[in-house]
$ cat data_20.txt   # compact mmCIF, C-alpha atoms
# COMPACT_ATOMS: atom_id res chain seq x y z
CA PHE A 1 97.04 82.18 62.92
CA VAL A 2 95.91 83.90 66.09
CA LYS A 3 98.31 85.44 68.55
CA THR A 4 97.21 86.50 72.01
CA SER A 5 99.49 88.83 73.92
CA THR A 6 99.30 89.57 77.64
CA LEU A 7 100.20 93.18 78.34
CA PHE A 8 102.22 94.50 81.28
CA PHE A 9 103.37 97.95 82.35
CA LEU A 10 106.61 98.64 84.20
CA GLY A 11 106.77 102.04 85.87
CA TRP A 12 109.52 104.19 87.37
CA LYS A 13 108.51 107.18 89.54
CA ASN A 14 110.27 110.57 89.60
CA THR A 15 113.44 109.27 88.07
CA ARG A 16 114.86 106.97 85.46
CA PRO A 17 117.86 104.64 85.30
CA THR A 18 121.25 106.37 85.15
CA LYS A 19 121.76 104.70 81.81
CA PRO A 20 118.86 103.64 79.59
CA PRO A 21 118.54 99.92 78.94
CA LYS A 22 120.33 98.79 75.80
CA ARG A 23 118.58 99.68 72.53
CA MET A 24 116.03 101.84 74.36
CA LEU A 25 114.77 105.28 73.40
CA ALA A 26 112.75 107.63 75.60
CA THR A 27 109.84 109.45 74.03
CA SER A 28 107.15 111.74 75.42
CA LEU A 29 103.77 110.01 75.54
CA THR A 30 101.30 112.80 74.80
CA SER A 31 100.99 116.52 75.34
CA SER A 32 97.33 116.62 76.34
CA ARG A 33 94.38 114.42 77.25
CA ASP A 34 92.85 115.04 73.81
CA ASP A 35 96.06 113.86 72.14
CA GLU A 36 96.10 110.81 74.41
CA GLU A 37 92.53 109.85 73.56
CA GLU A 38 93.23 110.30 69.85
CA LEU A 39 96.33 108.11 70.11
CA VAL A 40 94.45 105.35 71.95
CA GLU A 41 91.61 105.41 69.40
CA SER A 42 94.12 105.15 66.57
CA MET A 43 95.82 102.19 68.23
CA LEU A 44 92.51 100.44 68.88
CA TYR A 45 91.48 101.01 65.26
CA ARG A 46 94.66 99.35 64.00
CA THR A 47 94.23 96.47 66.45
CA ARG A 48 90.66 95.84 65.27
CA GLN A 49 91.75 96.18 61.65
CA VAL A 50 94.23 93.30 61.91
CA ASN A 51 92.04 91.19 64.17
CA GLN A 52 89.97 89.55 61.42
CA ILE A 53 91.10 87.20 58.70
CA THR A 54 89.27 87.98 55.49
CA ASP A 55 86.61 85.61 54.19
CA GLU A 56 88.75 84.93 51.12
CA ILE A 57 91.67 83.73 53.26
CA LYS A 58 89.39 81.60 55.43
CA ALA A 59 87.82 80.00 52.35
CA ALA A 60 91.24 79.20 50.89
CA SER A 61 92.68 77.72 54.10
CA THR A 62 92.13 74.27 55.58
CA VAL A 63 91.18 73.66 59.19
CA PHE A 64 93.74 71.70 61.21
CA GLU A 65 92.20 69.62 63.99
CA VAL A 66 93.10 66.73 66.27
CA ASP A 67 90.50 64.61 68.07
CA ASP A 68 87.76 66.85 66.66
CA VAL A 69 89.33 69.94 68.28
CA MET A 70 90.29 72.79 65.95
CA LEU A 71 93.91 73.85 66.44
CA GLY A 72 94.62 76.06 63.45
CA ARG A 73 94.26 76.93 59.77
CA VAL A 74 96.73 75.90 57.09
CA THR A 75 97.42 77.74 53.85
CA PRO A 76 97.27 75.81 50.53
CA SER A 77 101.06 75.82 50.08
CA ASN A 78 101.73 74.55 53.59
CA LEU A 79 98.97 71.94 53.23
CA VAL A 80 100.78 70.40 50.28
CA LYS A 81 104.06 70.22 52.22
CA LEU A 82 102.46 68.64 55.29
CA LEU A 83 100.53 66.03 53.30
CA GLU A 84 103.77 64.89 51.70
CA THR A 85 104.72 63.46 55.11
CA PRO A 86 103.26 60.35 56.81
CA VAL A 87 102.47 62.38 59.95
CA PHE A 88 99.61 64.43 58.45
CA GLU A 89 96.50 63.37 56.55
CA MET A 90 93.03 64.57 55.58
CA ASN A 91 90.12 63.20 57.59
CA GLN A 92 86.63 62.35 56.33
CA LYS A 93 85.44 65.88 57.09
CA GLY A 94 87.97 67.38 54.69
CA LYS A 95 90.15 68.74 57.50
CA LEU A 96 93.84 68.28 58.12
CA THR A 97 94.72 66.08 61.09
CA LEU A 98 97.50 63.93 62.49
CA SER A 99 97.73 60.36 61.25
CA SER A 100 98.15 57.25 63.38
CA GLU A 101 101.87 57.62 62.65
CA ALA A 102 101.93 60.45 65.21
CA GLY A 103 100.50 58.29 67.98
CA SER A 104 97.96 59.45 70.55
CA THR A 105 100.02 60.99 73.35
CA CYS A 106 101.38 64.49 73.70
CA ARG A 107 104.93 63.16 73.67
CA SER A 108 104.55 60.97 70.58
CA ARG A 109 102.77 63.72 68.67
CA THR A 110 105.43 66.25 69.69
CA GLU A 111 108.21 64.00 68.41
CA ALA A 112 106.41 63.23 65.15
CA VAL A 113 105.51 66.85 64.35
CA GLN A 114 108.95 68.08 65.40
CA ALA A 115 110.60 65.71 62.92
CA VAL A 116 108.42 67.11 60.13
CA MET A 117 109.25 70.69 61.07
CA GLU A 118 112.97 69.95 61.21
CA ASP A 119 112.76 68.58 57.66
CA LEU A 120 110.92 71.73 56.52
CA ARG A 121 113.62 73.80 58.18
CA GLU A 122 116.33 71.96 56.24
CA GLN A 123 114.38 72.61 53.04
CA GLY A 124 114.32 76.34 53.79
CA ASP A 125 110.58 76.52 54.52
CA ILE A 126 111.05 77.60 58.16
CA SER A 127 113.42 80.38 59.22
CA GLY A 128 114.26 81.94 62.57
CA TRP A 129 114.48 78.62 64.42
CA ARG A 130 114.47 79.29 68.19
CA ASP A 131 114.86 75.86 69.85
CA GLU A 132 111.86 76.90 71.94
CA LEU A 133 108.79 74.70 72.30
CA LEU A 134 105.30 76.18 72.46
CA SER A 135 102.08 74.44 73.44
CA VAL A 136 99.50 73.71 70.74
CA SER A 137 95.93 73.67 72.04
CA SER A 138 92.58 75.33 71.39
CA ASN A 139 92.73 77.41 74.57
CA PHE A 140 95.47 78.87 76.75
CA TYR A 141 94.34 76.90 79.78
CA ASP A 142 93.90 73.55 78.00
CA ASN A 143 96.49 70.81 78.21
CA PRO A 144 98.67 70.81 75.08
CA VAL A 145 97.80 68.38 72.33
CA PHE A 146 101.48 68.51 71.42
CA LEU A 147 104.43 70.89 71.57
CA VAL A 148 106.07 72.46 68.55
CA GLU A 149 109.04 74.66 67.72
CA ARG A 150 108.09 78.33 67.98
CA ALA A 151 109.21 79.17 64.45
CA ALA A 152 106.94 76.41 63.09
CA ILE A 153 103.70 77.69 64.63
CA PRO A 154 102.74 79.67 61.48
CA ILE A 155 103.00 76.51 59.36
CA LEU A 156 100.09 75.07 61.36
CA GLY A 157 98.24 78.37 61.77
CA ALA A 158 97.94 77.58 65.47
CA LEU A 159 97.35 79.82 68.47
CA GLU A 160 100.47 81.53 69.75
CA TYR A 161 100.78 83.42 73.01
CA GLY A 162 103.24 86.03 74.20
CA VAL A 163 103.97 88.73 76.76
CA HIS A 164 104.51 92.40 75.92
CA LEU A 165 105.70 95.09 78.30
CA ASN A 166 105.72 98.89 78.08
CA GLY A 167 108.06 100.83 80.39
CA LEU A 168 106.85 104.21 81.66
CA VAL A 169 108.86 106.93 83.43
CA ARG A 170 106.98 109.57 85.42
CA ARG A 171 108.94 112.78 85.98
CA GLU A 172 108.65 115.02 89.02
CA SER A 173 106.64 117.35 86.76
CA ALA A 174 104.15 114.45 86.30
CA LYS A 175 105.17 114.22 82.65
CA GLU A 176 105.31 110.62 81.46
CA GLU A 177 107.74 109.11 78.99
CA MET A 178 107.77 105.66 77.43
CA TRP A 179 110.78 103.50 76.72
CA LEU A 180 110.91 102.18 73.17
CA ALA A 181 113.17 99.43 71.89
CA ARG A 182 114.66 99.13 68.43
CA ARG A 183 114.77 95.55 67.21
CA SER A 184 118.12 94.10 66.25
CA ALA A 185 119.04 94.28 62.57
CA THR A 186 119.61 90.51 62.66
CA LYS A 187 116.08 89.61 63.82
CA SER A 188 114.18 87.22 61.53
CA LYS A 189 111.01 89.30 61.92
CA TYR A 190 110.80 93.10 61.52
CA PRO A 191 114.54 93.84 61.91
CA GLY A 192 115.31 97.43 62.88
CA PHE A 193 111.70 98.30 63.75
CA LEU A 194 110.62 100.05 66.95
CA ASP A 195 109.07 97.73 69.51
CA HIS A 196 107.93 97.34 73.11
CA ILE A 197 110.59 97.66 75.79
CA VAL A 198 110.22 93.88 76.26
CA ALA A 199 108.28 91.23 74.35
CA GLY A 200 108.53 87.49 73.96
CA GLY A 201 106.69 84.32 73.08
CA GLN A 202 105.09 82.26 75.84
CA PRO A 203 106.99 78.96 76.10
CA THR A 204 105.61 75.85 77.68
CA GLY A 205 106.38 75.30 81.36
CA LEU A 206 106.51 78.98 82.41
CA SER A 207 103.85 81.20 83.96
CA LEU A 208 103.09 84.54 82.31
CA MET A 209 104.74 86.46 85.15
CA ASP A 210 107.84 84.25 85.23
CA ASN A 211 108.15 84.66 81.48
CA VAL A 212 107.93 88.46 81.49
CA VAL A 213 110.51 88.63 84.32
CA LYS A 214 112.84 86.39 82.30
CA GLU A 215 112.33 88.46 79.14
CA CYS A 216 113.00 91.72 81.02
CA LEU A 217 116.46 90.52 81.97
CA GLU A 218 117.24 88.91 78.61
CA GLU A 219 116.00 91.66 76.31
CA ALA A 220 116.48 94.89 78.26
CA GLY A 221 118.82 94.10 81.14
CA ILE A 222 116.15 95.08 83.67
CA PRO A 223 116.99 93.35 87.00
CA ASN A 224 114.43 91.18 88.72
CA ASP A 225 114.10 93.42 91.79
CA LEU A 226 113.18 96.42 89.65
CA VAL A 227 110.62 94.37 87.73
CA ALA A 228 109.07 93.10 90.97
CA LYS A 229 108.61 96.67 92.25
CA GLY A 230 107.06 98.22 89.19
CA ILE A 231 105.33 95.60 87.04
CA LYS A 232 101.54 95.64 86.66
CA PRO A 233 99.30 93.42 84.48
CA ALA A 234 97.37 95.56 81.99
CA GLY A 235 95.16 93.14 80.04
CA ALA A 236 95.36 91.16 76.83
CA ILE A 237 94.81 91.62 73.11
CA SER A 238 94.49 89.11 70.28
CA TYR A 239 95.01 89.42 66.55
CA GLU A 240 94.85 87.21 63.49
CA THR A 241 97.54 87.21 60.81
$ encode --input "data_20.txt" --output "structure tokens"
Amino acid sequence: FVKTSTLFFLGWKNTRPTKPPKRMLATSLTSSRDDEEELVESMLYRTRQVNQITDEIKAASTVFEVDDVMLGRVTPSNLVKLLETPVFEMNQKGKLTLSSEAGSTCRSRTEAVQAVMEDLREQGDISGWRDELLSVSSNFYDNPVFLVERAAIPILGALEYGVHLNGLVRRESAKEEMWLARRSATKSKYPGFLDHIVAGGQPTGLSLMDNVVKECLEEAGIPNDLVAKGIKPAGAISYET
């Protein structure tokens, strides 16, 4: 599936909090401009490297579409599980779609797909359940075709969106440091790994800015007034997994 992440930077000038946010580490960014350029190139290389699904994987997967609009790609094992339910079926073009059982409205489709995903969860096929609904559509700005539990997005190979934030501290000497978080050991994905200072999925019903403000408080204990003073949009990246 494809994940698009909107990037933000949060900066502190000449000082840093008396106590670092929970689970945060401070690390020097780079020692010279040459080192910085080398680091950025390395990061961009890795981003490009993971931004293309191989032809073999594409050939083995099945397109998932609704009303002739492509919404995702489904692996062979997940295809079998979905077709065992009355909510999914193959159309005449050989693509996976929703059956008439799901209805034709966003609400009816959401309820039908959610019931399938809850069954898959009980069978152990979906872990890390969040009780958080994400929009499923072909484009960020399109109206959702339906909503689905965040942990179930990979089953459908659908687009997923999120916000990521890096926190920078600029010393009086002009030296910059970056806050790094260490993920909880109980996380369902990448437990114990280093991560952004703040990152989170983009739920339905929230703007990007409102979401990153919410995540700052939830994940790093950064108060809203500090976020409002220092936050800056920095672009977006996308990658396929």
$ atom_distance --input "data_20.txt" --atom1 "atom CA of Ile231 of chain A" --atom2 "atom CA of Glu215 of chain A"
12.7 Å
$ atom_distance --input "data_20.txt" --atom1 "atom CA of Val169 of chain A" --atom2 "atom CA of Pro233 of chain A"
16.6 Å
$ closest_residue --input "data_20.txt" --among "A:Tyr190, A:Trp129, A:Tyr45, A:Phe140" --to "Glu160 of chain A" --atoms "all atoms listed in the file"
A:Phe140
$ residues_around --input "data_20.txt" --residues "Glu65 of chain A" --least-positions-apart "6" --cutoff "10 Å" --atoms "all atoms listed in the file" --output "list of chain:residue names"
A:Leu71, A:Gly72, A:Arg73, A:Met90, A:Asn91, A:Lys95, A:Leu96, A:Thr97, A:Leu98, A:Ser137, A:Ser138, A:Leu156, A:Ala158
$ atom_distance --input "data_20.txt" --atom1 "atom CA of Leu159 of chain A" --atom2 "atom CA of Glu132 of chain A"
15.2 Å
$ closest_residue --input "data_20.txt" --among "A:Glu149, A:Glu84, A:Glu219, A:Glu101" --to "Met117 of chain A" --atoms "only C-alpha atoms"
A:Glu149
